[in-house]
>>> print(open('data_12.tsv').read())   # TSV, C-alpha atoms
chain	number	residue	atom	x	y	z
A	20	MET	CA	-104.85	-107.57	-98.03
A	21	SER	CA	-101.87	-109.84	-97.66
A	22	GLU	CA	-100.80	-112.50	-100.07
A	23	LEU	CA	-102.25	-115.09	-97.70
A	24	ARG	CA	-105.76	-116.32	-98.24
A	25	SER	CA	-107.35	-115.81	-94.88
A	26	PRO	CA	-110.67	-116.74	-93.35
A	27	LEU	CA	-113.19	-114.13	-92.28
A	28	ARG	CA	-111.90	-114.02	-88.69
A	29	GLN	CA	-108.39	-113.19	-89.90
A	30	ARG	CA	-109.68	-110.46	-92.21
A	31	ILE	CA	-111.64	-108.94	-89.31
A	32	LEU	CA	-108.49	-109.03	-87.15
A	33	VAL	CA	-106.45	-107.26	-89.85
A	34	GLN	CA	-109.19	-104.66	-90.35
A	35	SER	CA	-109.38	-103.99	-86.61
A	36	ALA	CA	-105.57	-103.58	-86.51
A	37	ARG	CA	-105.78	-101.08	-89.40
A	38	GLU	CA	-108.35	-99.06	-87.49
A	39	ALA	CA	-106.43	-99.22	-84.18
A	40	VAL	CA	-103.13	-98.21	-85.79
A	41	GLY	CA	-104.71	-95.74	-88.21
A	42	ASP	CA	-102.74	-97.13	-91.13
A	43	GLU	CA	-104.35	-98.74	-94.18
A	44	SER	CA	-101.04	-100.38	-95.15
A	45	VAL	CA	-101.33	-102.87	-92.25
A	46	ASP	CA	-101.80	-106.17	-94.05
A	47	LEU	CA	-100.80	-108.80	-91.45
A	48	ALA	CA	-102.03	-109.31	-87.89
A	49	ALA	CA	-101.54	-112.13	-85.40
A	50	TYR	CA	-103.51	-112.68	-82.20
A	51	GLY	CA	-101.74	-113.79	-79.05
A	52	TRP	CA	-101.31	-113.30	-75.34
A	53	ARG	CA	-98.77	-113.09	-72.59
A	54	ARG	CA	-99.08	-113.78	-68.93
A	55	ARG	CA	-97.88	-111.46	-66.26
A	56	ARG	CA	-95.14	-112.66	-63.95
A	57	ARG	CA	-96.32	-115.09	-61.32
A	58	ALA	CA	-99.76	-115.25	-62.98
A	59	THR	CA	-100.01	-119.02	-62.72
A	60	ILE	CA	-99.12	-119.03	-59.03
A	61	LEU	CA	-101.61	-116.24	-58.32
A	62	SER	CA	-104.36	-118.06	-60.22
A	63	VAL	CA	-103.76	-121.31	-58.32
A	64	ILE	CA	-103.75	-119.49	-54.97
A	65	MET	CA	-107.02	-117.76	-55.86
A	66	GLY	CA	-108.54	-121.10	-56.90
A	67	LEU	CA	-107.51	-122.72	-53.61
A	68	MET	CA	-109.00	-119.77	-51.74
A	69	GLY	CA	-112.24	-120.40	-53.65
A	70	VAL	CA	-112.24	-124.05	-52.53
A	71	VAL	CA	-111.58	-123.01	-48.92
A	72	ALA	CA	-114.28	-120.33	-49.05
A	73	GLY	CA	-116.76	-122.82	-50.49
A	74	THR	CA	-115.95	-125.31	-47.75
A	75	VAL	CA	-116.25	-122.65	-45.02
A	76	ILE	CA	-119.71	-121.56	-46.18
A	77	GLY	CA	-120.85	-125.18	-46.15
A	78	LEU	CA	-120.82	-126.23	-49.79
A	79	SER	CA	-120.27	-129.88	-50.61
A	80	LEU	CA	-116.75	-130.82	-51.64
A	81	GLY	CA	-117.78	-131.07	-55.32
A	82	LEU	CA	-119.37	-127.62	-55.31
A	83	ALA	CA	-116.41	-126.13	-53.43
A	84	VAL	CA	-114.00	-127.56	-56.02
A	85	GLY	CA	-116.24	-126.22	-58.80
A	86	LEU	CA	-116.18	-122.78	-57.17
A	87	GLY	CA	-112.39	-123.01	-56.88
A	88	LEU	CA	-112.08	-123.91	-60.58
A	89	ALA	CA	-114.34	-120.99	-61.54
A	90	VAL	CA	-112.21	-118.61	-59.47
A	91	LEU	CA	-109.03	-120.09	-61.00
A	92	MET	CA	-110.34	-119.52	-64.54
A	93	PHE	CA	-111.41	-115.97	-63.71
A	94	ALA	CA	-108.03	-115.16	-62.14
A	95	SER	CA	-106.22	-116.70	-65.10
A	96	THR	CA	-108.16	-114.55	-67.57
A	97	ALA	CA	-107.65	-111.43	-65.45
A	98	THR	CA	-103.86	-111.89	-65.36
A	99	THR	CA	-103.49	-112.47	-69.10
A	100	GLU	CA	-102.66	-109.63	-71.50
A	101	TYR	CA	-104.23	-110.20	-74.92
A	102	ARG	CA	-102.33	-108.65	-77.83
A	103	VAL	CA	-102.44	-108.24	-81.61
A	104	LEU	CA	-99.16	-107.89	-83.48
A	105	ALA	CA	-99.88	-105.75	-86.55
A	106	SER	CA	-97.47	-105.47	-89.44
A	107	SER	CA	-97.16	-103.41	-92.59
A	108	PRO	CA	-94.18	-103.38	-94.96
A	109	SER	CA	-92.69	-100.48	-92.97
A	110	ARG	CA	-94.08	-100.88	-89.42
A	111	LEU	CA	-94.52	-103.35	-86.58
A	112	VAL	CA	-97.08	-102.36	-83.94
A	113	LEU	CA	-98.27	-104.10	-80.77
A	114	CYS	CA	-101.95	-103.53	-80.02
A	115	ARG	CA	-104.14	-104.36	-77.05
A	116	SER	CA	-106.84	-106.89	-77.87
A	117	SER	CA	-110.34	-107.48	-76.65
A	118	ARG	CA	-110.58	-110.21	-73.99
A	119	ILE	CA	-113.73	-111.66	-75.53
A	120	ARG	CA	-112.84	-111.87	-79.21
A	121	GLN	CA	-109.83	-111.52	-81.45
A	122	TYR	CA	-110.03	-107.81	-82.18
A	123	ALA	CA	-107.40	-105.05	-81.91
A	124	VAL	CA	-108.58	-102.24	-79.65
A	125	ASP	CA	-105.76	-99.70	-79.42
A	126	VAL	CA	-102.01	-99.27	-79.84
A	127	VAL	CA	-99.73	-100.34	-76.98
A	128	ASP	CA	-96.34	-99.81	-78.61
A	129	GLU	CA	-94.78	-98.94	-81.96
A	130	LEU	CA	-91.89	-101.40	-82.17
A	131	PRO	CA	-88.56	-100.26	-83.64
A	132	ARG	CA	-87.70	-101.29	-87.19
A	133	SER	CA	-84.84	-103.40	-85.78
A	134	THR	CA	-87.23	-105.61	-83.77
A	135	THR	CA	-86.69	-109.29	-84.51
A	136	VAL	CA	-89.49	-111.84	-84.64
A	137	HIS	CA	-88.78	-115.56	-84.38
A	138	PRO	CA	-90.36	-118.73	-82.93
A	139	GLU	CA	-89.25	-120.06	-79.53
A	140	GLY	CA	-91.27	-123.25	-79.14
A	141	GLY	CA	-94.82	-124.21	-78.35
A	142	THR	CA	-97.47	-126.88	-77.95
A	143	MET	CA	-100.17	-128.45	-80.08
A	144	LEU	CA	-102.49	-125.52	-79.29
A	145	ALA	CA	-100.20	-122.49	-79.45
A	146	THR	CA	-96.70	-121.37	-80.40
A	147	ASP	CA	-94.35	-119.13	-78.42
A	148	TRP	CA	-92.69	-116.32	-80.37
A	149	ARG	CA	-89.98	-113.87	-79.38
A	150	VAL	CA	-90.86	-110.34	-80.49
A	151	GLY	CA	-87.88	-108.20	-79.57
A	152	GLU	CA	-87.48	-108.64	-75.81
A	153	MET	CA	-91.04	-109.90	-75.27
A	154	SER	CA	-92.45	-113.41	-75.50
A	155	LEU	CA	-95.93	-113.86	-77.00
A	156	THR	CA	-97.99	-117.01	-77.18
A	157	ILE	CA	-99.72	-117.11	-80.56
A	158	SER	CA	-102.84	-119.15	-81.24
A	159	LYS	CA	-102.59	-121.78	-83.98
A	160	SER	CA	-105.13	-119.81	-86.03
A	161	SER	CA	-102.60	-116.93	-86.28
A	162	GLU	CA	-99.50	-119.07	-86.74
A	163	GLN	CA	-99.35	-118.69	-90.54
A	164	MET	CA	-99.66	-114.90	-90.27
A	165	MET	CA	-96.97	-114.86	-87.58
A	166	ALA	CA	-94.63	-116.86	-89.82
A	167	THR	CA	-95.15	-114.28	-92.58
A	168	ILE	CA	-94.54	-111.43	-90.10
A	169	SER	CA	-91.36	-113.24	-89.03
A	170	LYS	CA	-90.12	-113.42	-92.63
A	171	ARG	CA	-90.82	-109.72	-93.01
A	172	HIS	CA	-89.28	-108.58	-89.70
A	173	GLY	CA	-87.13	-111.49	-88.47
A	174	ARG	CA	-83.50	-110.71	-89.05
>>> encode(input="data_12.tsv", output="structure tokens")
Amino acid sequence: MSELRSPLRQRILVQSAREAVGDESVDLAAYGWRRRRRATILSVIMGLMGVVAGTVIGLSLGLAVGLGLAVLMFASTATTEYRVLASSPSRLVLCRSSRIRQYAVDVVDELPRSTTVHPEGGTMLATDWRVGEMSLTISKSSEQMMATISKRHGR
């Protein structure tokens, strides 16, 4: 395990990354996501279509708006790619994550040794990180692990 003292959820995430990568030396893992291009616009359009559909079938305005919000949330989840960035002293691997819980499922890409990792900005709830050419939004629960990965791989 890493030098960080991590809660049970973080240990489960690291263990799932080890299994997905097939490498017991993986000792750091950070959970995050990235949105596809135009995902926000698509989600809003789908939500508005839900409101219109609800109105057309005769729902009250409140129920139609509720339907639109449900469609918006569903579309937002469907257009989000959930990822786990797994690190060992010699490797940096991007894994696909489960949509329901923070768990690495399988390997998406083995990143080159020269890949840089550094923060870009963020909000109170999440932080944006640049991993090579890709931008990942990392949950606050994985921020400490991501900072350690950055020290290891950020040049």
>>> closest_residue(input="data_12.tsv", among="A:Asp46, A:Val75, A:Ala89, A:Ala83", to="Val63 in chain A", atoms="only C-alpha atoms")
A:Ala89
>>> residues_near_point(input="data_12.tsv", point="(-100.5, -114.4, -73.2)", cutoff="7 Å", atoms="all atoms listed in the file", output="list of chain:residue names")
A:Gly51, A:Trp52, A:Arg53, A:Arg54, A:Thr99, A:Glu100, A:Tyr101, A:Leu155, A:Thr156
>>> closest_residue(input="data_12.tsv", among="A:Arg149, A:His137, A:Arg102, A:Arg55", to="Gln121 in chain A", atoms="all atoms listed in the file")
A:Arg102
>>> closest_residue(input="data_12.tsv", among="A:Leu144, A:Cys114, A:Ile76, A:Met68", to="Ile157 in chain A", atoms="all atoms listed in the file")
A:Leu144
>>> closest_residue(input="data_12.tsv", among="A:Lys159, A:Arg120, A:Arg115, A:His172", to="Thr135 in chain A", atoms="only C-alpha atoms")
A:His172
>>> closest_residue(input="data_12.tsv", among="A:Ala166, A:Arg56, A:Leu104, A:Ser154", to="Glu129 in chain A", atoms="only C-alpha atoms")
A:Leu104
>>> residues_near_point(input="data_12.tsv", point="(-98.8, -105.4, -88.9)", cutoff="10 Å", atoms="only C-alpha atoms", output="count of residues only")
27
>>> residues_around(input="data_12.tsv", residues="Leu91 in chain A", least_positions_apart="4", cutoff="12 Å", atoms="all atoms listed in the file", output="ChimeraX atom specification")
/A:58-70,84-87,95-98
>>> residues_around(input="data_12.tsv", residues="Glu139 in chain A", least_positions_apart="6", cutoff="8 Å", atoms="all atoms listed in the file", output="list of chain:residue names")
A:Thr146, A:Asp147, A:Trp148, A:Arg149
>>> atom_distance(input="data_12.tsv", atom1="CA of Thr134 in chain A", atom2="CA of Ser169 in chain A")
10.1 Å
>>> axis_aligned_box(input="data_12.tsv", around="range 120-129 of chain A", padding_each_side="4 Å", output="lines of an AutoDock Vina configuration file")
center_x = -103.8
center_y = -105.4
center_z = -79.6
size_x = 26.1
size_y = 20.9
size_z = 13.2
>>> closest_residue(input="data_12.tsv", among="A:Leu78, A:Phe93, A:Pro26, A:Ala145", to="Arg118 in chain A", atoms="only C-alpha atoms")
A:Phe93
>>> atom_distance(input="data_12.tsv", atom1="CA of Thr142 in chain A", atom2="CA of Ser116 in chain A")
22.1 Å
